[in-house]
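What's in start.txt: compact mmCIF, C-alpha atoms
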# COMPACT_ATOMS: atom_id res chain seq x y z
CA MET K 1 -23.03 -10.34 10.73
CA ASP K 2 -21.92 -12.00 7.52
CA LEU K 3 -19.25 -9.71 6.16
CA MET K 4 -19.28 -11.55 2.85
CA SER K 5 -22.94 -10.98 2.03
CA GLU K 6 -22.18 -8.53 -0.78
CA GLY K 7 -19.30 -10.22 -2.55
CA GLY K 8 -17.94 -13.57 -3.61
CA ALA K 9 -15.23 -15.34 -1.65
CA GLY K 10 -11.75 -14.34 -2.67
CA VAL K 11 -12.81 -11.40 -4.85
CA ILE K 12 -12.82 -7.91 -3.39
CA GLN K 13 -16.02 -6.09 -4.36
CA SER K 14 -15.43 -2.35 -3.92
CA ALA K 15 -15.25 0.72 -6.08
CA GLY K 16 -11.47 0.84 -5.90
CA MET K 17 -10.56 -2.83 -6.12
CA GLN K 18 -12.12 -5.49 -8.36
CA SER K 19 -9.58 -8.32 -8.06
CA GLN K 20 -7.51 -10.03 -5.41
CA PRO K 21 -5.46 -7.49 -3.47
CA THR K 22 -1.74 -7.62 -2.94
CA ILE K 23 -0.86 -8.30 0.69
CA ALA K 24 2.04 -6.92 2.71
CA ILE K 25 3.01 -8.55 5.97
CA LEU K 26 5.29 -6.45 8.14
CA GLY K 27 7.13 -8.90 10.31
CA ALA K 28 8.16 -12.47 9.53
CA GLY K 29 7.97 -14.23 12.87
CA ASN K 30 5.71 -17.18 13.62
CA VAL K 31 2.45 -15.25 13.15
CA GLY K 32 3.45 -13.20 10.12
CA GLY K 33 5.29 -16.06 8.50
CA ASN K 34 2.46 -18.55 8.87
CA LEU K 35 -0.17 -16.03 7.82
CA GLY K 36 1.85 -15.14 4.73
CA VAL K 37 2.28 -18.80 3.81
CA ARG K 38 -1.46 -19.32 4.19
CA LEU K 39 -2.35 -16.29 2.07
CA ALA K 40 0.16 -17.18 -0.64
CA ALA K 41 -1.23 -20.73 -0.77
CA SER K 42 -4.69 -19.16 -1.13
CA GLY K 43 -3.65 -17.33 -4.28
CA PHE K 44 -2.62 -13.92 -2.97
CA SER K 45 0.55 -12.08 -3.89
CA VAL K 46 2.38 -11.59 -0.58
CA LYS K 47 5.15 -9.09 0.16
CA PHE K 48 6.97 -9.78 3.42
CA GLY K 49 8.35 -6.54 4.83
CA VAL K 50 11.50 -7.26 6.81
CA ARG K 51 14.61 -5.34 7.70
CA PRO K 52 17.81 -5.98 5.68
CA GLY K 53 19.84 -8.89 6.98
CA SER K 54 16.85 -10.91 8.21
CA ASP K 55 17.15 -14.65 7.61
CA VAL K 56 14.04 -15.50 5.61
CA LYS K 57 15.24 -18.22 3.23
CA ASP K 58 13.14 -20.90 4.89
CA LEU K 59 10.09 -18.64 4.90
CA LEU K 60 10.40 -17.92 1.18
CA SER K 61 10.74 -21.63 0.50
CA ARG K 62 7.54 -22.32 2.44
CA ALA K 63 5.59 -19.45 0.87
CA GLY K 64 6.45 -20.29 -2.72
CA ALA K 65 6.48 -18.26 -5.90
CA ARG K 66 3.71 -15.84 -4.92
CA ALA K 67 5.81 -14.37 -2.10
CA GLU K 68 8.80 -12.07 -2.05
CA ILE K 69 10.89 -10.21 0.50
CA LEU K 70 11.15 -6.43 0.52
CA GLU K 71 12.06 -3.76 3.02
CA PRO K 72 8.98 -2.76 5.07
CA ARG K 73 8.29 0.54 3.32
CA ALA K 74 8.61 -1.02 -0.13
CA ALA K 75 6.39 -3.94 0.84
CA ALA K 76 3.70 -1.57 2.10
CA ALA K 77 3.94 0.62 -0.99
CA ALA K 78 3.36 -2.40 -3.22
CA ALA K 79 0.34 -3.65 -1.27
CA ASP K 80 -3.36 -2.92 -0.96
CA ILE K 81 -3.71 -4.42 2.51
CA VAL K 82 -0.98 -4.37 5.16
CA PHE K 83 -0.86 -6.76 8.12
CA ILE K 84 1.29 -5.72 11.09
CA THR K 85 2.66 -8.81 12.85
CA THR K 86 5.78 -7.31 14.45
CA PRO K 87 6.55 -7.42 18.16
CA THR K 88 4.00 -5.20 19.87
CA ASN K 89 6.52 -2.73 21.24
CA VAL K 90 7.59 -1.66 17.74
CA ALA K 91 4.24 -1.90 15.93
CA VAL K 92 3.49 1.83 15.98
CA GLN K 93 7.00 2.77 14.92
CA VAL K 94 6.92 0.27 12.06
CA ALA K 95 3.55 1.63 10.94
CA GLN K 96 4.90 5.18 10.91
CA GLU K 97 8.08 4.27 9.04
CA ALA K 98 6.14 2.27 6.45
CA GLU K 99 4.06 5.33 5.48
CA LEU K 100 0.68 3.61 5.65
CA SER K 101 -1.62 6.59 5.15
CA GLY K 102 -4.40 5.54 2.78
CA LYS K 103 -3.68 1.82 3.23
CA ILE K 104 -5.92 -0.76 4.83
CA VAL K 105 -3.95 -1.82 7.91
CA VAL K 106 -4.69 -4.90 10.02
CA ASP K 107 -3.09 -4.85 13.46
CA CYS K 108 -2.48 -8.44 14.56
CA THR K 109 -0.53 -7.64 17.74
CA ASN K 110 -1.41 -7.96 21.42
CA PRO K 111 0.04 -5.76 24.18
CA LEU K 112 0.74 -7.83 27.27
CA THR K 113 3.12 -8.51 30.11
CA TRP K 114 3.54 -11.76 32.05
CA ASN K 115 2.75 -12.19 35.74
CA ASP K 116 2.08 -15.86 36.34
CA GLY K 117 0.05 -15.58 33.14
CA PRO K 118 -0.69 -12.97 30.47
CA VAL K 119 -1.73 -9.48 31.58
CA TRP K 120 -3.17 -6.93 29.16
CA ALA K 121 -0.89 -3.88 28.96
CA PRO K 122 -2.42 -1.43 26.46
CA PRO K 123 -0.85 1.84 25.32
CA ALA K 124 -2.38 5.16 26.32
CA ALA K 125 -4.57 5.13 23.19
CA GLY K 126 -6.46 2.14 24.57
CA SER K 127 -5.24 -0.52 22.12
CA VAL K 128 -2.38 -1.00 19.71
CA ALA K 129 -4.78 -0.55 16.80
CA ALA K 130 -5.97 2.78 18.21
CA ALA K 131 -2.36 3.87 18.73
CA ILE K 132 -1.56 3.07 15.10
CA ALA K 133 -4.61 5.01 13.95
CA GLU K 134 -3.47 8.03 15.98
CA ALA K 135 0.12 7.79 14.76
CA VAL K 136 -0.73 7.33 11.07
CA PRO K 137 -3.60 9.66 10.13
CA GLY K 138 -5.34 8.40 7.03
CA ALA K 139 -4.59 4.73 7.63
CA ARG K 140 -7.71 2.55 7.51
CA VAL K 141 -6.95 0.57 10.65
CA LEU K 142 -8.60 -2.68 11.73
CA LYS K 143 -7.87 -5.10 14.53
CA GLY K 144 -7.92 -8.76 13.58
CA PHE K 145 -6.13 -12.11 13.26
CA ASN K 146 -4.96 -11.69 16.87
CA THR K 147 -7.15 -14.05 18.89
CA PHE K 148 -5.43 -17.39 18.19
CA GLY K 149 -1.93 -18.78 17.85
CA ALA K 150 0.36 -19.01 14.87
CA GLU K 151 -0.68 -22.60 14.20
CA ILE K 152 -4.18 -21.39 13.31
CA HIS K 153 -2.78 -18.67 11.05
CA LEU K 154 -1.22 -21.46 9.02
CA ASP K 155 -4.26 -23.76 9.07
CA PRO K 156 -7.66 -22.41 10.22
CA SER K 157 -9.44 -25.78 10.08
CA LEU K 158 -11.04 -26.91 13.36
CA GLY K 159 -12.52 -30.35 12.98
CA GLY K 160 -15.68 -29.82 10.98
CA THR K 161 -15.48 -26.03 10.99
CA VAL K 162 -12.95 -23.18 10.68
CA ALA K 163 -11.56 -20.50 12.96
CA ASP K 164 -13.32 -17.17 13.25
CA VAL K 165 -11.44 -13.95 12.48
CA PHE K 166 -12.91 -11.15 14.58
CA LEU K 167 -12.52 -7.76 12.87
CA ALA K 168 -12.94 -4.42 14.66
CA GLY K 169 -12.71 -1.09 12.86
CA ASP K 170 -14.52 2.06 11.85
CA ASP K 171 -14.08 1.73 8.06
CA ALA K 172 -16.86 -0.52 6.76
CA ASP K 173 -15.37 -0.92 3.28
CA ALA K 174 -11.94 -1.82 4.66
CA LYS K 175 -13.59 -4.38 6.92
CA LYS K 176 -15.38 -5.98 3.96
CA GLN K 177 -12.17 -6.17 1.97
CA VAL K 178 -10.25 -7.83 4.79
CA ALA K 179 -13.20 -10.15 5.44
CA ALA K 180 -13.02 -11.28 1.80
CA VAL K 181 -9.32 -12.03 2.21
CA ALA K 182 -10.00 -13.96 5.40
CA GLU K 183 -12.73 -16.03 3.80
CA ALA K 184 -10.65 -16.77 0.71
CA ALA K 185 -7.91 -18.07 3.03
CA GLY K 186 -10.31 -20.42 4.79
CA PHE K 187 -11.28 -18.37 7.86
CA SER K 188 -14.74 -17.21 8.90
CA PRO K 189 -14.86 -13.39 9.32
CA VAL K 190 -16.98 -11.87 12.09
CA ASP K 191 -17.77 -8.16 12.26
CA SER K 192 -16.79 -7.19 15.80
CA GLY K 193 -17.85 -3.57 15.75
CA PRO K 194 -15.94 -0.28 15.79
CA LEU K 195 -12.25 0.30 16.40
CA ARG K 196 -12.85 0.88 20.11
CA ASN K 197 -13.57 -2.85 20.31
CA ALA K 198 -9.93 -3.55 19.43
CA ALA K 199 -9.36 -3.45 23.18
CA VAL K 200 -11.94 -6.23 23.59
CA LEU K 201 -10.17 -8.36 20.98
CA GLU K 202 -6.82 -7.81 22.70
CA ASN K 203 -8.38 -9.05 25.93
CA LEU K 204 -9.86 -12.03 24.09
CA ALA K 205 -6.32 -12.84 22.99
CA VAL K 206 -5.14 -12.61 26.60
CA LEU K 207 -7.82 -15.14 27.54
CA TRP K 208 -6.74 -17.41 24.66
CA ILE K 209 -3.11 -17.26 25.83
CA HIS K 210 -4.13 -17.97 29.43
CA LEU K 211 -6.22 -20.98 28.45
CA ALA K 212 -3.62 -22.27 26.00
CA LEU K 213 -0.52 -21.85 28.13
CA ARG K 214 -1.62 -21.66 31.77
CA GLU K 215 -4.63 -23.97 31.78
CA GLY K 216 -3.12 -26.61 29.53
CA HIS K 217 -5.53 -26.47 26.59
CA GLY K 218 -2.69 -26.27 24.05
CA ARG K 219 -2.54 -24.14 20.93
CA SER K 220 -4.65 -26.02 18.37
CA TRP K 221 -7.99 -24.28 19.03
CA ALA K 222 -9.70 -20.93 18.54
CA PHE K 223 -12.77 -19.08 19.80
CA LYS K 224 -15.82 -19.69 17.63
CA LYS K 225 -19.14 -17.88 17.31
CA MET K 226 -21.71 -20.62 16.89
CA ASN K 227 -25.49 -20.57 16.61
CA ARG K 228 -27.79 -23.11 18.21
CA GLY K 229 -29.13 -25.67 15.77
Can the structure from this file be put into structure tokens for me?
Amino acid sequence: MDLMSEGGAGVIQSAGMQSQPTIAILGAGNVGGNLGVRLAASGFSVKFGVRPGSDVKDLLSRAGARAEILEPRAAAAAADIVFITTPTNVAVQVAQEAELSGKIVVDCTNPLTWNDGPVWAPPAAGSVAAAIAEAVPGARVLKGFNTFGAEIHLDPSLGGTVADVFLAGDDADAKKQVAAVAEAAGFSPVDSGPLRNAAVLENLAVLWIHLALREGHGRSWAFKKMNRG
């Protein structure tokens, strides 16, 4: 499904938002940092939500004038769309503390352990995205940007094509808005069904990690939905 069929790239077409949204990224590690740099370079205003005392000078230098550092709750309050890129074990707590009710929230995390390779280790809710949705009633939760490594978050180009961003969620308008952001940043959005499919995307990430790290395929690739001919 082409999630961009009803709007132009880079412009959100919805009743409540007629221009580029402001983005908050909670977490400033490799994934969040690179994604924020990519989105800022694509013209978005980016608010990195980090705890006081975090060393983010290099990140701000990379992200440029469109980015700033705020505490997580302030970053979320200033944003239209919030990406959660924290360590998985604190993702739900961070979402609760950031008061995300009413916000579009994209969970980019993957719950796993390591036993001679990655092993999916979901919370009781079935996925981290589902756990966030349960913990923050009113949040418009999607799963996405979790099926490739941080290198692809920074640069989605793959030879003659671009990386797919698989998006799972129950809110169709939220999905369209995030799809527009993804496309404006150079990714190809793919509607991956309802929020229950967040578990599928987490398992797809486990497969990516296994192939990248255990089977020696490296990190400079991503899964791609392609049609014949």
Using only C-alpha atoms: which of K:Thr85, K:Gln93, K:Asn203, K:Ser188 has the shortest distance to Ile132 (chain K):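 For Ile132 (chain K), the nearest of the candidates is K:Gln93.
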Residue among K:Asp80, K:Glu99, K:Glu215, K:Glu68 lying closest to Val178 (chain K), counting only C-alpha atoms: K:Asp80
Adding 4 Å on each side of the box along x, y and z that holds all listed atoms of region 72-89 of chain K, could you give its centre and edge lengths in Å to one decimal, as AutoDock Vina command-line options?
--center_x 2.6 --center_y -4.1 --center_z 9.0 --size_x 20.7 --size_y 17.4 --size_z 32.5
Among the residues K:Ala129, K:Leu26, K:Met226, K:Val105, the one that comes closest to Arg196 (chain K) [using only C-alpha atoms]: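 Among K:Ala129, K:Leu26, K:Met226, K:Val105, it is K:Ala129 that comes nearest to Arg196 (chain K).
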Among listed residues K:Leu195, K:Ile25, K:Val165, K:Ala75, nearest Ala125 (chain K) (using all atoms listed in the file):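 Nearest candidate to Ala125 (chain K) out of K:Leu195, K:Ile25, K:Val165, K:Ala75: K:Leu195.
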Option closest in space to Ala77 (chain K), from K:Asn146, K:Thr113, K:Thr161, K:Ser101 [counting only C-alpha atoms]: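 Looking only at the distances to Ala77 (chain K), the closest residue turns out to be K:Ser101.
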Residues within 9 Å of Val136 (chain K), only C-alpha atoms, excluding chain neighbours under 5 positions, as a VMD selection string: chain K and resid 92 95 to 96 99 to 101 131
Closest of K:Gly64, K:Pro137, K:Gly29, K:Ser54 to Thr109 (chain K) - atom-to-atom distances counting all atoms listed in the file: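 Among the listed residues, the smallest separation from Thr109 (chain K) belongs to K:Gly29.
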Test item: which residues lie within 9 Å of (-5.8, -14.2, 1.5) counting only C-alpha atoms, as a ChimeraX atom specification: /K:10,20-23,35-36,38-46,178,180-186
Å distance separating CA of Ala130 (chain K) from CA of Ala205 (chain K), one decimal place: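 These atoms are spaced 16.3 Å apart.
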One-decimal distance in Å that lies between CA of Ala63 (chain K) and CA of Lys225 (chain K): 29.7 Å
CA of Asn34 (chain K) to CA of Leu59 (chain K), straight-line distance in Å: 8.6 Å
